[in-house]
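Colleague: File coords03.txt below, compact mmCIF, C-alpha atoms:
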```
# COMPACT_ATOMS: atom_id res chain seq x y z
CA MET A 6 0.00 0.00 0.00
CA LEU A 7 2.69 2.43 1.05
CA ASP A 8 4.72 1.17 -1.88
CA ARG A 9 1.97 2.21 -4.27
CA LEU A 10 1.72 5.58 -2.56
CA THR A 11 5.32 6.49 -3.21
CA ASN A 12 5.61 4.81 -6.60
CA SER A 13 4.80 8.08 -8.29
CA LEU A 14 7.91 9.63 -6.72
CA ASP A 15 10.26 6.93 -7.97
CA PHE A 16 10.99 8.51 -11.32
CA GLN A 17 11.89 11.87 -9.80
CA THR A 18 14.05 10.15 -7.20
CA GLN A 19 16.11 8.47 -9.90
CA ALA A 20 16.37 11.77 -11.75
CA LEU A 21 17.55 13.53 -8.57
CA VAL A 22 20.27 10.95 -7.93
CA LEU A 23 21.49 11.26 -11.52
CA ARG A 24 21.42 15.04 -11.34
CA SER A 25 23.60 15.01 -8.23
CA GLU A 26 25.97 12.59 -9.93
CA ARG A 27 26.23 14.87 -12.95
CA GLN A 28 26.76 17.86 -10.67
CA ARG A 29 29.74 16.06 -9.16
CA LEU A 30 31.14 15.22 -12.59
CA ILE A 31 30.96 18.85 -13.71
CA ALA A 32 32.50 19.98 -10.42
CA SER A 33 35.40 17.60 -11.13
CA ASN A 34 35.82 19.12 -14.58
CA ILE A 35 35.85 22.66 -13.20
CA ALA A 36 38.31 21.65 -10.49
CA ASN A 37 40.67 20.18 -13.08
CA ALA A 38 40.51 23.12 -15.47
CA ASP A 39 44.25 23.70 -15.07
CA THR A 40 45.47 20.10 -14.78
CA PRO A 41 47.66 19.08 -17.72
CA GLY A 42 46.30 16.11 -19.66
CA TYR A 43 42.90 16.01 -17.93
CA GLN A 44 40.01 14.92 -20.17
CA ALA A 45 36.64 16.45 -19.34
CA ARG A 46 33.83 13.95 -18.80
CA ASP A 47 30.08 14.20 -18.89
CA MET A 48 27.11 11.87 -18.97
CA ASP A 49 24.32 11.48 -21.50
CA PHE A 50 21.59 12.35 -19.01
CA ALA A 51 18.63 11.13 -21.07
CA ALA A 52 20.23 7.74 -21.72
CA ALA A 53 21.35 7.41 -18.09
CA LEU A 54 17.83 8.18 -16.85
CA ARG A 55 16.31 5.67 -19.26
CA GLU A 56 18.71 3.04 -17.92
CA ALA A 57 18.12 3.98 -14.28
CA THR A 58 14.33 3.78 -14.60
CA GLY A 59 14.55 0.51 -16.49
CA ALA A 60 13.12 1.94 -19.72
CA ALA A 61 16.24 0.81 -21.58
CA THR A 62 18.73 -1.93 -20.96
CA PRO A 63 22.25 -0.83 -20.04
CA ALA A 64 24.56 -0.45 -23.01
CA GLN A 65 26.83 -3.18 -21.74
CA ALA A 66 24.26 -5.66 -20.44
CA LEU A 67 25.50 -8.86 -18.88
CA SER A 68 25.39 -11.63 -21.43
CA ALA A 69 23.39 -14.64 -20.30
CA THR A 70 24.85 -17.69 -21.98
CA GLN A 71 23.40 -20.25 -19.57
CA ALA A 72 19.85 -20.75 -18.48
CA GLY A 73 20.76 -20.13 -14.83
CA HIS A 74 22.48 -16.78 -15.38
CA LEU A 75 20.95 -13.89 -13.53
CA SER A 76 19.86 -10.83 -15.42
CA PRO A 77 20.52 -7.45 -13.81
CA ALA A 78 17.62 -5.88 -12.00
CA ALA A 79 15.86 -2.94 -13.59
CA GLY A 80 17.74 0.20 -12.78
CA ALA A 81 21.16 -1.46 -12.84
CA ARG A 82 23.55 0.85 -14.58
CA GLY A 83 27.06 0.50 -15.91
CA GLU A 84 29.62 3.05 -14.87
CA ALA A 85 30.68 3.40 -18.49
CA GLY A 86 27.78 5.75 -19.20
CA LEU A 87 30.36 8.50 -18.90
CA LYS A 88 31.57 10.12 -22.07
CA TYR A 89 34.60 12.22 -22.84
CA ALA A 90 33.99 15.75 -24.03
CA THR A 91 35.36 16.79 -27.39
CA PRO A 92 37.58 19.85 -26.95
CA SER A 93 36.23 22.82 -28.86
CA GLN A 94 39.64 24.46 -28.98
CA THR A 95 42.99 22.75 -28.96
CA ASN A 96 45.15 23.19 -25.92
CA LEU A 97 48.90 22.79 -25.59
CA ASP A 98 48.68 20.76 -22.36
CA SER A 99 45.94 18.51 -23.89
CA ASN A 100 43.42 19.53 -21.25
CA SER A 101 39.94 19.32 -22.77
CA VAL A 102 37.98 21.32 -20.17
CA ASP A 103 36.02 24.11 -21.85
CA MET A 104 35.23 26.43 -18.95
CA ASP A 105 32.33 28.19 -20.73
CA ARG A 106 30.63 24.92 -21.47
CA GLU A 107 31.26 23.55 -17.99
CA ARG A 108 29.89 26.63 -16.28
CA ALA A 109 26.80 26.58 -18.50
CA ALA A 110 26.30 22.87 -17.83
CA PHE A 111 26.77 23.43 -14.09
CA ALA A 112 24.15 26.19 -13.94
CA ASP A 113 21.79 24.18 -16.14
CA ASN A 114 22.19 21.12 -13.96
CA ALA A 115 21.66 23.12 -10.76
CA VAL A 116 18.37 24.50 -12.11
CA HIS A 117 17.24 21.05 -13.19
CA TYR A 118 18.17 19.64 -9.79
CA GLU A 119 16.04 22.25 -8.11
CA ALA A 120 13.18 21.63 -10.50
CA THR A 121 13.30 17.92 -9.70
CA LEU A 122 13.29 18.78 -5.99
CA ARG A 123 10.18 20.89 -6.48
CA PHE A 124 8.46 18.08 -8.39
CA ILE A 125 9.15 15.78 -5.45
CA ASN A 126 7.93 18.37 -2.96
CA GLY A 127 4.77 18.86 -5.03
CA GLY A 128 4.18 15.11 -5.12
CA VAL A 129 4.65 14.85 -1.37
CA ARG A 130 2.25 17.73 -0.77
CA THR A 131 -0.36 16.10 -3.01
CA LEU A 132 -0.03 12.83 -1.09
CA LEU A 133 -0.23 14.64 2.24
CA SER A 134 -3.40 16.49 1.33
CA ALA A 135 -4.89 13.20 0.12
CA ILE A 136 -4.02 11.58 3.45
CA THR A 137 -5.33 14.38 5.63
CA GLY A 138 -8.48 14.52 3.51
CA GLN A 139 -9.04 18.22 3.56
CA MET B 29 25.48 11.35 -0.83
CA SER B 30 27.36 12.00 -4.01
CA MET B 31 26.81 15.76 -3.76
CA LEU B 32 28.82 15.94 -0.54
CA SER B 33 31.97 14.89 -2.37
CA ILE B 34 31.73 18.09 -4.44
CA PHE B 35 33.16 19.81 -1.38
CA ASN B 36 36.14 17.47 -1.47
CA VAL B 37 36.62 18.01 -5.21
CA SER B 38 36.32 21.78 -5.16
CA GLY B 39 38.13 22.03 -1.85
CA SER B 40 41.16 20.22 -3.26
CA ALA B 41 41.08 22.53 -6.29
CA VAL B 42 40.86 25.64 -4.12
CA SER B 43 43.78 24.48 -2.02
CA ALA B 44 45.85 23.67 -5.13
CA GLN B 45 45.06 27.04 -6.67
CA SER B 46 45.99 28.87 -3.49
CA GLN B 47 49.30 27.04 -3.49
CA ARG B 48 49.80 28.20 -7.08
CA LEU B 49 48.98 31.75 -6.00
CA ASN B 50 51.49 31.40 -3.20
CA VAL B 51 54.22 30.39 -5.64
CA VAL B 52 53.31 33.27 -7.96
CA ALA B 53 53.54 35.66 -5.01
CA SER B 54 57.00 34.43 -4.10
CA ASN B 55 58.10 34.65 -7.75
CA LEU B 56 56.84 38.21 -8.08
CA ALA B 57 58.37 39.21 -4.77
CA ASN B 58 61.72 37.89 -5.97
CA ALA B 59 61.50 39.34 -9.49
CA ASP B 60 64.35 41.77 -8.78
CA THR B 61 66.36 39.63 -6.38
CA VAL B 62 70.05 39.55 -7.15
CA ALA B 63 71.27 36.65 -5.05
CA GLY B 64 69.57 34.38 -2.54
CA PRO B 65 71.10 33.12 0.71
CA ASP B 66 72.95 30.38 -1.22
CA GLY B 67 74.71 32.91 -3.42
CA GLN B 68 72.59 31.86 -6.45
CA ALA B 69 70.04 34.13 -8.08
CA TYR B 70 66.39 33.16 -7.41
CA LYS B 71 64.88 30.70 -9.90
CA ALA B 72 61.23 31.03 -10.82
CA ARG B 73 59.07 28.22 -9.43
CA GLN B 74 55.99 26.63 -10.95
CA VAL B 75 53.46 24.22 -9.47
CA VAL B 76 52.50 21.07 -11.39
CA PHE B 77 48.89 19.94 -11.00
CA ARG B 78 47.80 16.32 -11.06
CA THR B 79 44.35 14.72 -11.02
CA LEU B 80 43.51 13.09 -7.69
CA PRO B 81 40.81 10.41 -8.06
CA LEU B 82 38.34 10.57 -5.19
CA ALA B 83 36.21 7.52 -4.53
CA GLU B 84 33.69 6.68 -1.87
CA ALA B 85 34.41 3.46 0.00
CA GLY B 86 34.03 0.45 -2.28
CA GLU B 87 33.18 2.44 -5.38
CA ALA B 88 34.97 3.17 -8.60
CA PRO B 89 36.35 6.71 -8.56
CA THR B 90 34.02 9.05 -10.46
CA ALA B 91 35.02 12.34 -8.89
CA ALA B 92 38.36 13.91 -9.69
CA GLY B 93 40.07 16.38 -7.40
CA VAL B 94 43.37 18.17 -7.92
CA GLU B 95 46.63 18.05 -6.05
CA VAL B 96 50.00 19.70 -6.49
CA SER B 97 52.32 16.86 -7.46
CA GLN B 98 55.53 18.87 -7.45
CA ILE B 99 57.02 22.33 -7.61
CA THR B 100 59.56 22.74 -10.39
CA GLU B 101 62.27 25.35 -10.73
CA ASP B 102 62.83 27.08 -14.04
CA PRO B 103 66.42 26.09 -14.96
CA SER B 104 66.94 28.89 -17.48
CA ALA B 105 69.74 31.39 -16.81
CA GLY B 106 68.94 34.57 -14.95
CA ARG B 107 68.79 38.03 -16.45
CA ARG B 108 72.31 39.56 -16.70
CA VAL B 109 72.69 43.30 -16.49
CA LEU B 110 75.92 45.25 -16.92
CA ASP B 111 76.41 47.30 -13.76
CA PRO B 112 80.07 47.33 -12.65
CA LYS B 113 79.32 49.52 -9.62
CA HIS B 114 76.88 46.99 -8.14
CA PRO B 115 78.29 45.20 -5.06
CA GLN B 116 77.19 41.80 -6.46
CA ALA B 117 78.75 42.33 -9.90
CA ASP B 118 81.04 39.56 -11.17
CA ALA B 119 84.51 39.98 -12.66
CA ASP B 120 83.08 41.16 -16.01
CA GLY B 121 80.86 43.73 -14.28
CA TYR B 122 77.59 41.80 -14.87
CA VAL B 123 74.92 41.38 -12.19
CA THR B 124 72.73 38.25 -12.40
CA TYR B 125 69.11 38.83 -11.48
CA SER B 126 66.44 36.14 -10.98
CA ASN B 127 64.90 34.59 -14.09
CA VAL B 128 61.31 35.54 -13.14
CA ASN B 129 59.21 36.77 -16.05
CA ALA B 130 56.83 39.29 -14.45
CA VAL B 131 54.34 39.18 -17.34
CA GLU B 132 54.06 35.39 -17.19
CA GLU B 133 53.56 35.56 -13.45
CA MET B 134 50.79 38.12 -13.75
CA VAL B 135 48.98 35.94 -16.30
CA ASN B 136 49.46 32.98 -13.97
CA MET B 137 48.04 34.99 -11.09
CA ILE B 138 44.90 36.01 -12.99
CA SER B 139 44.33 32.44 -14.14
CA ALA B 140 44.75 31.11 -10.59
CA SER B 141 42.40 33.69 -9.14
CA ARG B 142 39.71 32.96 -11.75
CA SER B 143 39.94 29.23 -11.11
CA TYR B 144 39.75 29.88 -7.37
CA GLN B 145 36.57 31.94 -7.84
CA ASN B 146 35.04 29.29 -10.09
CA ASN B 147 35.56 26.57 -7.52
CA ILE B 148 34.19 28.68 -4.68
CA GLU B 149 31.07 29.30 -6.74
CA VAL B 150 30.73 25.58 -7.41
CA MET B 151 30.84 24.97 -3.67
CA ASN B 152 28.25 27.69 -3.01
CA THR B 153 25.87 26.19 -5.57
CA ALA B 154 26.35 22.70 -4.14
CA LYS B 155 25.69 24.03 -0.64
CA THR B 156 22.46 25.76 -1.74
CA LEU B 157 21.25 22.60 -3.46
CA LEU B 158 22.11 20.42 -0.47
CA LEU B 159 20.31 22.72 1.94
CA LYS B 160 17.24 22.62 -0.31
CA THR B 161 17.51 18.83 -0.43
CA LEU B 162 17.48 18.74 3.37
CA GLN B 163 14.15 20.55 3.32
CA MET B 164 12.62 18.04 0.93
CA GLY B 165 9.04 17.18 1.85
CA GLN B 166 8.66 20.09 4.24
CA SER B 167 6.74 23.31 3.63
```
Written as structure tokens, that's how I'd like the structure from this file.

Modeller:
Amino acid sequence: MLDRLTNSLDFQTQALVLRSERQRLIASNIANADTPGYQARDMDFAAALREATGAATPAQALSATQAGHLSPAAGARGEAGLKYATPSQTNLDSNSVDMDRERAAFADNAVHYEATLRFINGGVRTLLSAITGQ
Amino acid sequence: MSMLSIFNVSGSAVSAQSQRLNVVASNLANADTVAGPDGQAYKARQVVFRTLPLAEAGEAPTAAGVEVSQITEDPSAGRRVLDPKHPQADADGYVTYSNVNAVEEMVNMISASRSYQNNIEVMNTAKTLLLKTLQMGQS
């Protein structure tokens, strides 16, 4: 019963976790803006969310060659969803962090994180008003 | 809590950048030094950054901090100026100054200060988001 109550929040929860993961990735890129040889990384958010919510199978799904092999549960995700950014301008120390892009992505991700938070808060408020019956 | 490690990431970057600023300050301060305590003219120093993988216990590292792996000295010869009356002049009348390039150091300083600001802002944003996450479900 309670499970069904909070089912509607599951999607936003997955999105929030992914958003915080992406925020950390971008923070790493910004931190390493001056490190020689560092390659900027980012995730394909839409694909990662599809994998996390079980709408798509992970890119590198476990191969089941025997009847007894377990298949990964829905929401299992490979770490290799991370991609390397293509440098827009060449750099002598082969650092591929583009600060403009990273700052834009950071702000964008922060806004999306907050939006997801508000969706969750709205869902919780809806449930609460349903429970209190007013 | 993957967001909490942003403070480790940006914190390591801020500390590395402040070390870089420190080195720049000592280079600029010694731009016109003739001879150090060891009798040699001051050599410009540079920090070398290296990526520091940060992982939570039992997880593959996904966050990347920064650390200063070493501080190198610029081996190039110092600036030589003909000034026979100078007390530190050599037999030919030349005085050897430090090999600090003031323009390079100023550029380095601006770059370090911008990176410092960027990382502080990242931490501020992460803090705002975390505080809002703590209030989830209230109000």

Colleague: May I ask which of the residues A:Asn100, A:Ser33, A:Ser93, A:Ser134 is the closest one to chain B, counting only C-alpha atoms?

Modeller: A:Ser33

Colleague: For a quick check of understanding, using all atoms listed in the file, which of B:Ala83, B:Ala130, B:Asn136, B:Val150 has the smallest distance to Ile31 of chain A?

Modeller: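 Among B:Ala83, B:Ala130, B:Asn136, B:Val150, it is B:Val150 that comes nearest to Ile31 of chain A.
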
Colleague: Could you pull the residues within 12 Å of Glu107 of chain A, counting all atoms listed in the file, minus those fewer than 5 positions along the same chain, as an NGL selection string?

Modeller: (:A and (27-38 or 45-47 or 90 or 92-93 or 101-102 or 112-114)) or (:B and (146-147 or 150))

Colleague: Using only C-alpha atoms, find the residues of chain B whose closest atom to chain A is at most 9 Å away, then write them as a PyMOL selection string.

Modeller: chain B and resi 29-34+37-42+76-79+88+90-94+139-140+143-144+146-147+150-151+153-154+157+160-161+164-167

Colleague: What is the distance between atom CA of Thr124 of chain B and atom CA of Asp102 of chain B, in Å to one decimal?

Modeller: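 Taking atom CA of Thr124 of chain B as the start and atom CA of Asp102 of chain B as the end point, the length is 15.0 Å.
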
Colleague: Rounded to one decimal place, report the atom CA of Thr121 of chain A-atom CA of Gln17 of chain A distance in Å.

Modeller: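 About the pair atom CA of Thr121 of chain A and atom CA of Gln17 of chain A: they are 6.2 Å apart.
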
Colleague: What is the distance, in Å and to one decimal place, between atom CA of Lys88 of chain A and atom CA of Leu80 of chain B?

Modeller: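 Value for the atom CA of Lys88 of chain A-atom CA of Leu80 of chain B distance: 18.9 Å.
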
Colleague: Closest to Ser43 of chain B among B:Asn127, B:Asn152, B:Gln145, B:Asn55, using only C-alpha atoms?

Modeller: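 Going through B:Asn127, B:Asn152, B:Gln145, B:Asn55 one by one, the smallest distance to Ser43 of chain B is for B:Gln145.
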
Colleague: Considering all atoms listed in the file, state which residue in the set B:Gln116, B:Ala63, B:Leu110, B:Val52 is at the smallest distance from Val75 of chain B.

Modeller: B:Val52
